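Here the structure comes first, spelled out in structure tokens, and everything after it is commentary.
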Protein chains: 2
Amino acid sequence: MPEQTVGSEIERLIQLLSRLPGLGPRSARRASLHLIKHREKLLGPLAAAMAEAHDTVVICSKCGNVDTRDPCMICRDRQRDPSIICVVEEVGDLWALERSGALRCRYHVIGGTLSAIEGIRPEDLNITGLIERASQAEVKEVLLALNATVDGQTTAHYLTERLATAGVEVSRLAHGVPVGGELDYLDDGTLAAAVKSRRPF
Amino acid sequence: MPEQTVGSEIERLIQLLSRLPGLGPRSARRASLHLIKHREKLLGPLAAAMAEAHDTVVICSKCGNVDTRDPCMICRDRQRDPSIICVVEEVGDLWALERSGALRCRYHVIGGTLSAIEGIRPEDLNITGLIERASQAEVKEVLLALNATVDGQTTAHYLTERLATAGVEVSRLAHGVPVGGELDYLDDGTLAAAVKSRRPF
């Protein structure tokens, strides 16, 4: 954007918006214009919501979830089954599992995966906290809900070894055909896994 | 997002972000997490930039551009050719033309197109201001840089009629093959226009 065209305040807004995932320079410009057009109904409230989030959001010291209180709502929730800890890579995965409504358990966000290429070692992830929590008497099962990627599965193997002494059952998510998925578009590995884990109809 | 999972501050941030063009509910969640993860480097500055834009951005009373001063930088710029007014639908179009660097003129943002279906009439657009500006002695040409859509072209015809008494030359953008475009993928209308307006090589 040439300097003569827009004020530096708008340029700065565009530049910061373009750093959001999913927004490039072009869509950041569109978004800024949309914000300016809806100044009272969107720009003002969004500025306030961001300032509020900036001031209040904390990382749960127990599980790594984000919330406005520590411990987070999930760790405080007494209705949840304390015997299962579901391990996820990122907070977004935790949210996805919560939306699925499949289980009402506690979580543990390790904050990524081991990666030789990116130089991420066990001490870079929140693993020590997980081992401690898994060693508590009330915990019976650790469900490794990591991504089905090479790094995710490497991390799952590493965690299984580390958890061997904690006296818990370690489980992982099932592989199979996604609900609504077409066989023709599935990769061979998934299809083979789905056949191997076939269930009585 | 179930109420038990995230605080209402985060929910509100997600809900507002999902109203930006180009962001749906899923990408708004991703963007919020990204913002929370980069709290000091992105969330704080973006909140401040939005608050600043909210407080300072105004619409130029002369041309309809957005800027932090009125008249805007372009209307104040004395280096620009005052004899051409380039008419655009939206501020985003003005920015696109500025980026192209094709001409250093004044602009006029009419704020949309006439539309029978959406009930947008001439009095809903910033047309009176355009006629006034075009009638000034220094203005020799009005370039209608409206979208090549049905509504855009209807509006261009309407503006041409209205400008007949202003004593200015009315021009429009050329149709043709986009630079880098492949003929095979072009529609017939564009190809026909490109042939009709062919130039010596």
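Lettering and numbering for the structure tokens are positional, with chains as A, B, ... in the shown order, residues counted from 1 in each chain, and ligands counted from 1 in the shown order.
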With a distance threshold of 8 Å and counting only C-alpha atoms, extract the residues of chain A near chain B and express them as a VMD selection string.
chain A and resid 1 to 2 4 to 7 9 to 10 12 to 13 16 to 17 20 to 23 27 29 to 31 33 to 36 39 to 40 42 to 54 57 66 to 68 73 to 74 77 91 to 92 95 98 to 99
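Running DSSP on the backbone and keeping only strand (DSSP E), the residues of stretch 13-123 of chain A that qualify are Val58, Ile59, Val66, Asp67, Asp81, Pro82, Ser83, Ile84, Ile85, Cys86, Val87, Val88, Cys105, Arg106, Tyr107, His108 and Val109 of chain A.
As for atom CA of B:Leu125 and atom CA of B:His157, they are spaced 14.6 Å apart.
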As a ChimeraX atom specification, which residues of chain A does DSSP assign to alpha helix (DSSP H)?
/A:8-17,25-37,44-56,73-76,91-100,128-134,150-162,188-196
Need to verify the contact set: B:Thr128, 12 Å, only C-alpha atoms, exclusion of same-chain residues closer than 2 positions in sequence. Can you return it as a PDB file with all heavy atoms, in the first residue's frame?
```pdb
ATOM      1  N   LYS B  62     -15.031  14.510   0.722  1.00  0.00           N
ATOM      2  CA  LYS B  62     -14.934  14.899  -0.675  1.00  0.00           C
ATOM      3  C   LYS B  62     -15.098  13.692  -1.596  1.00  0.00           C
ATOM      4  O   LYS B  62     -15.910  13.713  -2.514  1.00  0.00           O
ATOM      5  CB  LYS B  62     -13.537  15.520  -0.902  1.00  0.00           C
ATOM      6  CG  LYS B  62     -13.583  16.845  -1.644  1.00  0.00           C
ATOM      7  CD  LYS B  62     -12.207  17.466  -1.701  1.00  0.00           C
ATOM      8  CE  LYS B  62     -12.005  18.158  -3.036  1.00  0.00           C
ATOM      9  NZ  LYS B  62     -10.650  18.652  -3.225  1.00  0.00           N
ATOM     10  N   CYS B  63     -14.320  12.629  -1.336  1.00  0.00           N
ATOM     11  CA  CYS B  63     -14.281  11.517  -2.291  1.00  0.00           C
ATOM     12  C   CYS B  63     -14.811  10.190  -1.734  1.00  0.00           C
ATOM     13  O   CYS B  63     -15.011   9.248  -2.497  1.00  0.00           O
ATOM     14  CB  CYS B  63     -12.857  11.319  -2.806  1.00  0.00           C
ATOM     15  SG  CYS B  63     -11.766  10.517  -1.626  1.00  0.00           S
ATOM     16  N   HIS B 108     -13.399   9.032  -6.724  1.00  0.00           N
ATOM     17  CA  HIS B 108     -14.701   9.262  -6.125  1.00  0.00           C
ATOM     18  C   HIS B 108     -15.352   7.903  -5.854  1.00  0.00           C
ATOM     19  O   HIS B 108     -15.592   7.130  -6.783  1.00  0.00           O
ATOM     20  CB  HIS B 108     -15.591  10.120  -7.043  1.00  0.00           C
ATOM     21  CG  HIS B 108     -16.800  10.638  -6.336  1.00  0.00           C
ATOM     22  ND1 HIS B 108     -16.811  11.838  -5.646  1.00  0.00           N
ATOM     23  CD2 HIS B 108     -18.032  10.110  -6.166  1.00  0.00           C
ATOM     24  CE1 HIS B 108     -17.995  12.028  -5.102  1.00  0.00           C
ATOM     25  NE2 HIS B 108     -18.760  10.990  -5.403  1.00  0.00           N
ATOM     26  N   VAL B 109     -15.597   7.610  -4.585  1.00  0.00           N
ATOM     27  CA  VAL B 109     -16.187   6.332  -4.199  1.00  0.00           C
ATOM     28  C   VAL B 109     -17.696   6.508  -4.108  1.00  0.00           C
ATOM     29  O   VAL B 109     -18.181   7.277  -3.269  1.00  0.00           O
ATOM     30  CB  VAL B 109     -15.637   5.873  -2.824  1.00  0.00           C
ATOM     31  CG1 VAL B 109     -16.221   4.508  -2.452  1.00  0.00           C
ATOM     32  CG2 VAL B 109     -14.118   5.845  -2.826  1.00  0.00           C
ATOM     33  N   ILE B 110     -18.451   5.819  -4.986  1.00  0.00           N
ATOM     34  CA  ILE B 110     -19.901   6.022  -4.937  1.00  0.00           C
ATOM     35  C   ILE B 110     -20.568   5.087  -3.925  1.00  0.00           C
ATOM     36  O   ILE B 110     -21.703   5.291  -3.543  1.00  0.00           O
ATOM     37  CB  ILE B 110     -20.578   5.891  -6.326  1.00  0.00           C
ATOM     38  CG1 ILE B 110     -20.255   4.542  -6.969  1.00  0.00           C
ATOM     39  CG2 ILE B 110     -20.147   7.040  -7.232  1.00  0.00           C
ATOM     40  CD1 ILE B 110     -21.114   4.296  -8.215  1.00  0.00           C
ATOM     41  N   PRO B 122     -30.396   5.611  -7.138  1.00  0.00           N
ATOM     42  CA  PRO B 122     -29.335   6.619  -7.272  1.00  0.00           C
ATOM     43  C   PRO B 122     -29.128   7.421  -5.996  1.00  0.00           C
ATOM     44  O   PRO B 122     -27.991   7.732  -5.628  1.00  0.00           O
ATOM     45  CB  PRO B 122     -29.855   7.512  -8.405  1.00  0.00           C
ATOM     46  CG  PRO B 122     -30.712   6.620  -9.230  1.00  0.00           C
ATOM     47  CD  PRO B 122     -31.343   5.653  -8.277  1.00  0.00           C
ATOM     48  N   GLU B 123     -30.210   7.738  -5.281  1.00  0.00           N
ATOM     49  CA  GLU B 123     -30.062   8.569  -4.077  1.00  0.00           C
ATOM     50  C   GLU B 123     -29.388   7.803  -2.931  1.00  0.00           C
ATOM     51  O   GLU B 123     -28.989   8.403  -1.938  1.00  0.00           O
ATOM     52  CB  GLU B 123     -31.412   9.161  -3.636  1.00  0.00           C
ATOM     53  CG  GLU B 123     -32.542   8.171  -3.487  1.00  0.00           C
ATOM     54  CD  GLU B 123     -33.378   8.025  -4.768  1.00  0.00           C
ATOM     55  OE1 GLU B 123     -32.777   8.026  -5.876  1.00  0.00           O
ATOM     56  OE2 GLU B 123     -34.605   7.905  -4.659  1.00  0.00           O
ATOM     57  N   ASP B 124     -29.261   6.465  -3.058  1.00  0.00           N
ATOM     58  CA  ASP B 124     -28.555   5.700  -2.031  1.00  0.00           C
ATOM     59  C   ASP B 124     -27.043   5.736  -2.243  1.00  0.00           C
ATOM     60  O   ASP B 124     -26.284   5.317  -1.372  1.00  0.00           O
ATOM     61  CB  ASP B 124     -29.022   4.240  -2.038  1.00  0.00           C
ATOM     62  CG  ASP B 124     -30.514   4.127  -1.751  1.00  0.00           C
ATOM     63  OD1 ASP B 124     -31.003   4.917  -0.926  1.00  0.00           O
ATOM     64  OD2 ASP B 124     -31.181   3.280  -2.376  1.00  0.00           O
ATOM     65  N   LEU B 125     -26.614   6.183  -3.425  1.00  0.00           N
ATOM     66  CA  LEU B 125     -25.176   6.226  -3.730  1.00  0.00           C
ATOM     67  C   LEU B 125     -24.689   7.675  -3.685  1.00  0.00           C
ATOM     68  O   LEU B 125     -25.479   8.616  -3.771  1.00  0.00           O
ATOM     69  CB  LEU B 125     -24.918   5.629  -5.120  1.00  0.00           C
ATOM     70  CG  LEU B 125     -25.385   4.186  -5.313  1.00  0.00           C
ATOM     71  CD1 LEU B 125     -25.172   3.755  -6.752  1.00  0.00           C
ATOM     72  CD2 LEU B 125     -24.652   3.241  -4.376  1.00  0.00           C
ATOM     73  N   ASN B 126     -23.380   7.845  -3.585  1.00  0.00           N
ATOM     74  CA  ASN B 126     -22.793   9.182  -3.506  1.00  0.00           C
ATOM     75  C   ASN B 126     -22.600   9.747  -4.919  1.00  0.00           C
ATOM     76  O   ASN B 126     -21.477   9.891  -5.398  1.00  0.00           O
ATOM     77  CB  ASN B 126     -21.460   9.096  -2.753  1.00  0.00           C
ATOM     78  CG  ASN B 126     -20.807  10.439  -2.571  1.00  0.00           C
ATOM     79  OD1 ASN B 126     -21.440  11.476  -2.794  1.00  0.00           O
ATOM     80  ND2 ASN B 126     -19.541  10.425  -2.186  1.00  0.00           N
ATOM     81  N   LEU B 130     -20.502  13.537  -6.866  1.00  0.00           N
ATOM     82  CA  LEU B 130     -19.704  13.315  -8.071  1.00  0.00           C
ATOM     83  C   LEU B 130     -20.050  14.344  -9.153  1.00  0.00           C
ATOM     84  O   LEU B 130     -19.145  14.926  -9.771  1.00  0.00           O
ATOM     85  CB  LEU B 130     -19.931  11.895  -8.603  1.00  0.00           C
ATOM     86  CG  LEU B 130     -19.338  11.590  -9.977  1.00  0.00           C
ATOM     87  CD1 LEU B 130     -17.816  11.670  -9.935  1.00  0.00           C
ATOM     88  CD2 LEU B 130     -19.787  10.224 -10.480  1.00  0.00           C
ATOM     89  N   ILE B 131     -21.356  14.571  -9.365  1.00  0.00           N
ATOM     90  CA  ILE B 131     -21.787  15.527 -10.405  1.00  0.00           C
ATOM     91  C   ILE B 131     -21.241  16.923 -10.075  1.00  0.00           C
ATOM     92  O   ILE B 131     -20.702  17.612 -10.954  1.00  0.00           O
ATOM     93  CB  ILE B 131     -23.339  15.566 -10.508  1.00  0.00           C
ATOM     94  CG1 ILE B 131     -23.923  14.153 -10.636  1.00  0.00           C
ATOM     95  CG2 ILE B 131     -23.778  16.461 -11.666  1.00  0.00           C
ATOM     96  CD1 ILE B 131     -23.551  13.408 -11.880  1.00  0.00           C
ATOM     97  N   GLU B 132     -21.328  17.283  -8.808  1.00  0.00           N
ATOM     98  CA  GLU B 132     -20.787  18.578  -8.368  1.00  0.00           C
ATOM     99  C   GLU B 132     -19.295  18.694  -8.665  1.00  0.00           C
ATOM    100  O   GLU B 132     -18.841  19.686  -9.229  1.00  0.00           O
ATOM    101  CB  GLU B 132     -20.991  18.755  -6.854  1.00  0.00           C
ATOM    102  CG  GLU B 132     -22.313  19.393  -6.488  1.00  0.00           C
ATOM    103  CD  GLU B 132     -22.537  19.319  -4.980  1.00  0.00           C
ATOM    104  OE1 GLU B 132     -21.533  19.343  -4.219  1.00  0.00           O
ATOM    105  OE2 GLU B 132     -23.713  19.199  -4.574  1.00  0.00           O
ATOM    106  N   ARG B 133     -18.551  17.649  -8.290  1.00  0.00           N
ATOM    107  CA  ARG B 133     -17.101  17.699  -8.501  1.00  0.00           C
ATOM    108  C   ARG B 133     -16.767  17.731  -9.987  1.00  0.00           C
ATOM    109  O   ARG B 133     -15.853  18.439 -10.411  1.00  0.00           O
ATOM    110  CB  ARG B 133     -16.416  16.486  -7.857  1.00  0.00           C
ATOM    111  CG  ARG B 133     -16.396  16.531  -6.345  1.00  0.00           C
ATOM    112  CD  ARG B 133     -15.712  15.309  -5.787  1.00  0.00           C
ATOM    113  NE  ARG B 133     -14.282  15.288  -6.037  1.00  0.00           N
ATOM    114  CZ  ARG B 133     -13.515  14.210  -5.884  1.00  0.00           C
ATOM    115  NH1 ARG B 133     -14.042  13.062  -5.528  1.00  0.00           N
ATOM    116  NH2 ARG B 133     -12.224  14.273  -6.116  1.00  0.00           N
ATOM    117  N   ALA B 134     -17.520  16.935 -10.796  1.00  0.00           N
ATOM    118  CA  ALA B 134     -17.240  16.850 -12.232  1.00  0.00           C
ATOM    119  C   ALA B 134     -17.536  18.178 -12.931  1.00  0.00           C
ATOM    120  O   ALA B 134     -16.983  18.452 -14.005  1.00  0.00           O
ATOM    121  CB  ALA B 134     -18.060  15.722 -12.851  1.00  0.00           C
ATOM    122  N   SER B 135     -18.392  18.987 -12.323  1.00  0.00           N
ATOM    123  CA  SER B 135     -18.768  20.261 -12.950  1.00  0.00           C
ATOM    124  C   SER B 135     -17.732  21.357 -12.718  1.00  0.00           C
ATOM    125  O   SER B 135     -17.822  22.442 -13.313  1.00  0.00           O
ATOM    126  CB  SER B 135     -20.125  20.729 -12.407  1.00  0.00           C
ATOM    127  OG  SER B 135     -21.078  19.691 -12.525  1.00  0.00           O
ATOM    128  N   LEU B 159     -24.513   6.821 -14.885  1.00  0.00           N
ATOM    129  CA  LEU B 159     -23.601   7.934 -14.575  1.00  0.00           C
ATOM    130  C   LEU B 159     -23.255   8.726 -15.841  1.00  0.00           C
ATOM    131  O   LEU B 159     -23.160   9.956 -15.808  1.00  0.00           O
ATOM    132  CB  LEU B 159     -22.319   7.409 -13.910  1.00  0.00           C
ATOM    133  CG  LEU B 159     -22.482   6.864 -12.495  1.00  0.00           C
ATOM    134  CD1 LEU B 159     -21.147   6.336 -11.973  1.00  0.00           C
ATOM    135  CD2 LEU B 159     -23.011   7.940 -11.547  1.00  0.00           C
ATOM    136  N   ARG B 162     -26.036  11.087 -16.484  1.00  0.00           N
ATOM    137  CA  ARG B 162     -26.050  12.167 -15.502  1.00  0.00           C
ATOM    138  C   ARG B 162     -24.900  13.158 -15.741  1.00  0.00           C
ATOM    139  O   ARG B 162     -25.005  14.343 -15.446  1.00  0.00           O
ATOM    140  CB  ARG B 162     -25.922  11.601 -14.072  1.00  0.00           C
ATOM    141  CG  ARG B 162     -27.179  10.921 -13.556  1.00  0.00           C
ATOM    142  CD  ARG B 162     -28.269  11.920 -13.177  1.00  0.00           C
ATOM    143  NE  ARG B 162     -27.881  12.869 -12.157  1.00  0.00           N
ATOM    144  CZ  ARG B 162     -28.030  12.686 -10.840  1.00  0.00           C
ATOM    145  NH1 ARG B 162     -28.563  11.565 -10.385  1.00  0.00           N
ATOM    146  NH2 ARG B 162     -27.668  13.618  -9.978  1.00  0.00           N
ATOM    147  N   LEU B 163     -23.770  12.637 -16.268  1.00  0.00           N
ATOM    148  CA  LEU B 163     -22.586  13.490 -16.446  1.00  0.00           C
ATOM    149  C   LEU B 163     -22.618  14.273 -17.763  1.00  0.00           C
ATOM    150  O   LEU B 163     -21.745  15.103 -18.031  1.00  0.00           O
ATOM    151  CB  LEU B 163     -21.314  12.627 -16.390  1.00  0.00           C
ATOM    152  CG  LEU B 163     -20.924  12.120 -14.994  1.00  0.00           C
ATOM    153  CD1 LEU B 163     -19.914  10.983 -15.092  1.00  0.00           C
ATOM    154  CD2 LEU B 163     -20.364  13.254 -14.137  1.00  0.00           C
ATOM    155  N   ALA B 166     -22.221  17.941 -17.499  1.00  0.00           N
ATOM    156  CA  ALA B 166     -21.113  18.453 -16.686  1.00  0.00           C
ATOM    157  C   ALA B 166     -19.936  18.925 -17.543  1.00  0.00           C
ATOM    158  O   ALA B 166     -18.978  19.508 -17.028  1.00  0.00           O
ATOM    159  CB  ALA B 166     -20.633  17.385 -15.701  1.00  0.00           C
TER     160      ALA B 166
END
```
